[in-house]
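Beneath this line is the structure, given in structure tokens, with notes to follow.
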Amino acid sequence: MFEKLKEKLGGLKKILGRDIEETKKEAIKTEPVKKAEPAKEVELAKQVEPARQEVEAIKTTPPAGSPVAAAKEPEKIGIFDKIKAAVFEQEFIIEEKSLKDHLWELEMALLESDVALPVAENIVESVKSELVGTRRKIGSDTGKIVESALRQAISKVISVDSFDFDAFIKKSGKPVSIVFVGVNGTGKTTTVAKMAERFKEQGYSVVIAAGDTFRAGAIEQIEKHADALGIKLIKHQEGADPAAVVYDAIQYAKAKHKDVVLADTAGRMHTNINLMDQLKKVCRVNKPDLIIFVDEAVAGNDAVERAKLFNGAVPFNGSILTKQDADAKGGAAISIAYTTGRPILFLGIGQTYKDLIRFDPNWLLDRLFE
Ligand SMILES: Nc1nc2c(ncn2[C@@H]2O[C@H](COP(=O)(O)OP(=O)(O)O)[C@@H](O)[C@H]2O)c(=O)[nH]1
Ligand SMILES: [Mg+2]
């Protein structure tokens, strides 16, 4: 998970850090006493003065080896430490020329990791504005400067919305209805089952609507999951109107005081107008509390494009990315939230019911820079 992106970011952090280190050396070499503000200059002079006086004193002490000189030895270390600390307080400016090639490399690395172009551009711009022209203390850790700029840039694109899923479910009137949408084979049905398991664990009562009436075998597939989890399934015949199935499931939940209705739907290509209209009808008739877009992380940029198109047809509240366990790149997770303006809610990380984790931007950032 995210190994490729992590590796690329790690490499870039080193290269960028090295070049900033060069800028730093230049700054020390060419402008040993140049500082940010006059006030600081005075402050620095004050700090250096005692050290300077002590150096003068040493110059006039007896030659090395004499007992007096030996006694001075520990003080000498103190003096150099003071001078070093003073130099560390000096500042240097990160210039664009030292970053230009690396920013280009950063963009390439992001694109190779399946980060969508506008998102990669946004990240590069942020890193640039975070670093270029800024004054840094010479003593600061260049690796940390670069990491912090990268972290902030990525954080900005993935933290689009502070939607608290669990709090929303808790405070919503029951039953809460959730419709899952997306293309075929991405893991919608499995995700409905995983979500059902999660809700059950939290103490909610759940009803599943077998809303995929289109694909042969889809009703049996979700029925198997419902049986395995001991959850009530509302189903119609194959070919029936999915809007009616979801409607019945919500009516059932209301009558039986169930907490949550999870509606599976048939996968459809965003280009199939009839099926997209059918999906719009499911949502128009039932007015679900939440619409969740499901796609697979391994689809990379295709997933991002589909997310955009689905969001245009049935505006959704958030996304779930499945098969994150099989995706080394990580670009879809970074791009989808920024592209749709809706948060990623969960990640599917395997094929068992428990393989679902809450998506937390900080968790992702920690993984990328651990
Ligand atoms: N490795 C992995 N496989 C998954 C994950 N989620 C779903 N799958 C598999 O993806 C395949 C398609 O899943 P399904 O739920 O039928 O997709 P649907 O057509 O969108 O309903 C199945 O073999 C699932 O076991 C996941 O998070 N990780
Ligand atoms: Mg399905």
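Convention: chains lettered A, B, ... in structure tokens order; per-chain residue numbering from 1; ligands numbered from 1 as shown.
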Going by DSSP on the backbone, which bits of region 150-362 of chain A are alpha helix (DSSP H)? Write them as a PyMOL selection string, please. chain A and resi 150-158+165-171+188-201+218-229+242-255+273-286+301-313+331-340+361-362
At most 7 Å from ligand 2 (only C-alpha atoms and all ligand atoms): residue list as a list of chain:residue names: A:Asn184, A:Gly185, A:Gly187, A:Lys188, A:Thr189, A:Asp212, A:Ala218, A:Asp264, A:Thr265, A:Ala266, A:Gly267
Could you check which of A:Val115, A:Val260, A:Ala328, A:Ala109 is closest to Gln202 (chain A), using only C-alpha atoms?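 Nearest to Gln202 (chain A): A:Val260.
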10 Å shell around ligand 1 using only C-alpha atoms and all ligand atoms, listed as number ranges by chain: A: 180-194, 212, 215, 218, 221-222, 264-268, 294-298, 320-327, 346-357
Can I get the selection written as a short mmCIF file (atom, residue, chain, number, x, y, z; two decimals), in the first residue's frame, with N, CA and C atoms?
data_model
loop_
_atom_site.label_atom_id
_atom_site.label_comp_id
_atom_site.auth_asym_id
_atom_site.auth_seq_id
_atom_site.Cartn_x
_atom_site.Cartn_y
_atom_site.Cartn_z
N PHE A 180 -25.04 2.79 -2.53
CA PHE A 180 -23.67 2.62 -3.02
C PHE A 180 -23.68 2.59 -4.55
N VAL A 181 -22.85 3.42 -5.17
CA VAL A 181 -22.83 3.50 -6.64
C VAL A 181 -21.41 3.33 -7.18
N GLY A 182 -21.34 2.93 -8.45
CA GLY A 182 -20.01 2.78 -9.06
C GLY A 182 -20.07 1.80 -10.22
N VAL A 183 -18.93 1.57 -10.86
CA VAL A 183 -18.92 0.66 -12.00
C VAL A 183 -18.80 -0.79 -11.53
N ASN A 184 -18.92 -1.71 -12.50
CA ASN A 184 -18.90 -3.14 -12.20
C ASN A 184 -17.57 -3.66 -11.70
N GLY A 185 -17.61 -4.57 -10.75
CA GLY A 185 -16.41 -5.31 -10.37
C GLY A 185 -15.46 -4.56 -9.47
N THR A 186 -15.85 -3.38 -9.01
CA THR A 186 -14.93 -2.59 -8.19
C THR A 186 -15.01 -2.98 -6.71
N GLY A 187 -16.07 -3.68 -6.34
CA GLY A 187 -16.17 -4.12 -4.95
C GLY A 187 -17.35 -3.52 -4.19
N LYS A 188 -18.36 -3.06 -4.91
CA LYS A 188 -19.54 -2.47 -4.24
C LYS A 188 -20.23 -3.46 -3.33
N THR A 189 -20.56 -4.63 -3.90
CA THR A 189 -21.33 -5.61 -3.13
C THR A 189 -20.55 -6.04 -1.88
N THR A 190 -19.25 -6.31 -2.08
CA THR A 190 -18.41 -6.69 -0.95
C THR A 190 -18.38 -5.57 0.09
N THR A 191 -18.31 -4.32 -0.40
CA THR A 191 -18.25 -3.18 0.52
C THR A 191 -19.56 -3.02 1.30
N VAL A 192 -20.70 -3.28 0.64
CA VAL A 192 -21.98 -3.23 1.35
C VAL A 192 -21.94 -4.24 2.51
N ALA A 193 -21.42 -5.45 2.22
CA ALA A 193 -21.34 -6.47 3.27
C ALA A 193 -20.39 -6.02 4.39
N LYS A 194 -19.25 -5.44 4.01
CA LYS A 194 -18.29 -4.97 5.03
C LYS A 194 -18.90 -3.86 5.89
N ASP A 212 -29.05 -4.50 -7.04
CA ASP A 212 -28.53 -4.91 -8.35
C ASP A 212 -29.46 -5.97 -8.91
N ARG A 215 -27.61 -7.59 -13.08
CA ARG A 215 -26.65 -8.64 -13.41
C ARG A 215 -27.13 -9.99 -12.88
N ALA A 218 -26.45 -11.54 -9.21
CA ALA A 218 -26.13 -10.48 -8.24
C ALA A 218 -26.97 -10.62 -6.97
N GLN A 221 -25.61 -13.35 -4.87
CA GLN A 221 -24.32 -12.96 -4.27
C GLN A 221 -24.53 -12.16 -2.98
N ILE A 222 -25.43 -11.16 -3.04
CA ILE A 222 -25.64 -10.32 -1.85
C ILE A 222 -26.42 -11.12 -0.79
N ASP A 264 -27.32 -1.92 -2.27
CA ASP A 264 -26.39 -2.28 -3.34
C ASP A 264 -27.03 -1.82 -4.65
N THR A 265 -26.23 -1.51 -5.65
CA THR A 265 -26.81 -1.20 -6.97
C THR A 265 -25.99 -1.91 -8.04
N ALA A 266 -26.56 -1.98 -9.23
CA ALA A 266 -25.83 -2.62 -10.33
C ALA A 266 -24.69 -1.72 -10.76
N GLY A 267 -23.58 -2.36 -11.11
CA GLY A 267 -22.47 -1.57 -11.66
C GLY A 267 -22.86 -1.06 -13.03
N ARG A 268 -22.39 0.11 -13.36
CA ARG A 268 -22.72 0.64 -14.68
C ARG A 268 -21.60 1.54 -15.12
N VAL A 294 -18.19 4.00 -4.90
CA VAL A 294 -17.18 2.96 -4.64
C VAL A 294 -16.35 2.75 -5.91
N ASP A 295 -15.05 2.76 -5.75
CA ASP A 295 -14.20 2.39 -6.88
C ASP A 295 -12.95 1.72 -6.34
N GLU A 296 -12.16 1.18 -7.24
CA GLU A 296 -10.97 0.45 -6.79
C GLU A 296 -9.73 1.29 -6.95
N ALA A 297 -8.89 1.27 -5.93
CA ALA A 297 -7.66 2.08 -5.94
C ALA A 297 -6.77 1.71 -7.12
N VAL A 298 -6.77 0.42 -7.47
CA VAL A 298 -5.90 -0.04 -8.54
C VAL A 298 -6.24 0.58 -9.91
N ILE A 320 -15.51 5.40 -1.28
CA ILE A 320 -14.78 4.30 -0.65
C ILE A 320 -13.88 3.73 -1.73
N LEU A 321 -12.61 3.58 -1.41
CA LEU A 321 -11.67 3.00 -2.36
C LEU A 321 -11.34 1.58 -1.93
N THR A 322 -11.66 0.62 -2.79
CA THR A 322 -11.40 -0.78 -2.46
C THR A 322 -10.04 -1.21 -3.02
N LYS A 323 -9.65 -2.41 -2.68
CA LYS A 323 -8.43 -3.03 -3.20
C LYS A 323 -7.19 -2.17 -2.97
N GLN A 324 -7.22 -1.40 -1.92
CA GLN A 324 -6.05 -0.59 -1.57
C GLN A 324 -4.88 -1.52 -1.23
N ASP A 325 -5.21 -2.73 -0.77
CA ASP A 325 -4.18 -3.73 -0.45
C ASP A 325 -3.38 -4.14 -1.69
N ALA A 326 -4.00 -3.98 -2.86
CA ALA A 326 -3.32 -4.41 -4.09
C ALA A 326 -2.72 -3.23 -4.85
N ASP A 327 -2.80 -2.03 -4.28
CA ASP A 327 -2.33 -0.84 -4.99
C ASP A 327 -1.09 -0.27 -4.33
N PHE A 346 -13.71 5.46 3.52
CA PHE A 346 -13.12 4.20 3.95
C PHE A 346 -12.22 3.64 2.85
N LEU A 347 -11.34 2.74 3.27
CA LEU A 347 -10.53 2.01 2.31
C LEU A 347 -10.81 0.52 2.50
N GLY A 348 -10.99 -0.19 1.38
CA GLY A 348 -11.10 -1.65 1.42
C GLY A 348 -9.69 -2.20 1.32
N ILE A 349 -9.34 -3.09 2.25
CA ILE A 349 -7.95 -3.57 2.26
C ILE A 349 -7.88 -5.09 2.24
N GLY A 350 -8.88 -5.74 1.63
CA GLY A 350 -8.85 -7.20 1.55
C GLY A 350 -10.24 -7.73 1.29
N GLN A 351 -10.36 -9.06 1.31
CA GLN A 351 -11.62 -9.65 0.89
C GLN A 351 -12.51 -10.12 2.03
N THR A 352 -12.05 -10.01 3.28
CA THR A 352 -12.92 -10.45 4.37
C THR A 352 -13.77 -9.26 4.87
N TYR A 353 -14.79 -9.57 5.63
CA TYR A 353 -15.71 -8.53 6.12
C TYR A 353 -15.01 -7.48 6.99
N LYS A 354 -13.93 -7.90 7.61
CA LYS A 354 -13.23 -6.96 8.51
C LYS A 354 -12.26 -6.04 7.77
N ASP A 355 -12.04 -6.32 6.49
CA ASP A 355 -11.01 -5.57 5.76
C ASP A 355 -11.51 -4.22 5.25
N LEU A 356 -11.93 -3.40 6.18
CA LEU A 356 -12.40 -2.06 5.84
C LEU A 356 -11.88 -1.13 6.93
N ILE A 357 -11.18 -0.07 6.52
CA ILE A 357 -10.68 0.87 7.54
C ILE A 357 -11.15 2.28 7.23
#
Can you check which residues of region 53-249 of chain A DSSP gives as strand (DSSP E or B) on the backbone and send them as a compact mmCIF listing (two decimals) with C-alpha atoms, in the first residue's frame?
# COMPACT_ATOMS: atom_id res chain seq x y z
CA GLU A 91 19.13 32.61 7.79
CA PHE A 92 19.38 31.60 4.19
CA ILE A 93 16.87 31.92 1.40
CA ARG A 135 14.02 32.31 4.90
CA ARG A 136 15.20 29.35 6.91
CA LYS A 137 17.59 29.13 9.78
CA VAL A 176 -30.42 6.07 7.76
CA SER A 177 -30.37 5.05 4.12
CA ILE A 178 -27.16 4.73 2.12
CA VAL A 179 -26.94 3.96 -1.61
CA PHE A 180 -23.67 2.62 -3.02
CA VAL A 181 -22.83 3.50 -6.64
CA VAL A 206 -29.15 -3.27 9.44
CA VAL A 207 -31.26 -4.06 6.36
CA ILE A 208 -29.70 -4.67 2.95
CA ALA A 209 -31.49 -3.84 -0.32
CA LYS A 232 -32.27 -9.09 6.67
CA LEU A 233 -32.24 -8.78 2.85
CA ILE A 234 -35.00 -7.15 0.83
Just to confirm, what's the straight-line distance from CA of Asp161 (chain A) to CA of Pro343 (chain A) in Å (one decimal)?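 Going from CA of Asp161 (chain A) over to CA of Pro343 (chain A) covers 5.8 Å.
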Identify which of the residues A:Ala263, A:Ala333, A:Leu106, A:Ala116 lies closest to Asn301 (chain A), counting only C-alpha atoms when measuring atom-to-atom distances.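 Comparing A:Ala263, A:Ala333, A:Leu106, A:Ala116 against Asn301 (chain A), the winner is A:Ala116.
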With distances taken over only C-alpha atoms, which of A:Lys200, A:Lys13, A:Lys97, A:Lys258 is nearest to Pro175 (chain A)?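 That would be A:Lys258, the residue with the smallest distance to Pro175 (chain A).
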Residues near Phe310 (chain A), cut-off 9 Å, only C-alpha atoms, skip fewer than 4 positions along chain, as an NGL selection string: :A and (181-182 or 270 or 276 or 293 or 305-306 or 314-316)
Write a file of the selected residues as a compact mmCIF listing (two decimals), in the first residue's frame, keeping C-alpha atoms.
# COMPACT_ATOMS: atom_id res chain seq x y z
CA VAL A 181 -22.83 3.50 -6.64
CA GLY A 182 -20.01 2.78 -9.06
CA HIS A 270 -20.79 6.22 -16.52
CA MET A 276 -27.26 6.25 -15.25
CA PHE A 293 -19.20 6.18 -4.60
CA GLU A 305 -12.41 10.13 -14.05
CA ARG A 306 -15.32 7.89 -13.09
CA VAL A 314 -25.65 11.51 -8.71
CA PRO A 315 -23.74 13.91 -6.46
CA PHE A 316 -22.29 11.76 -3.72
Taking into account only C-alpha atoms, which residue in the set A:Ile219, A:Ala313, A:Ala299, A:Leu345 is nearest to Asp114 (chain A)?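 Answer, going by the shortest atom-to-atom distance: A:Ala299.
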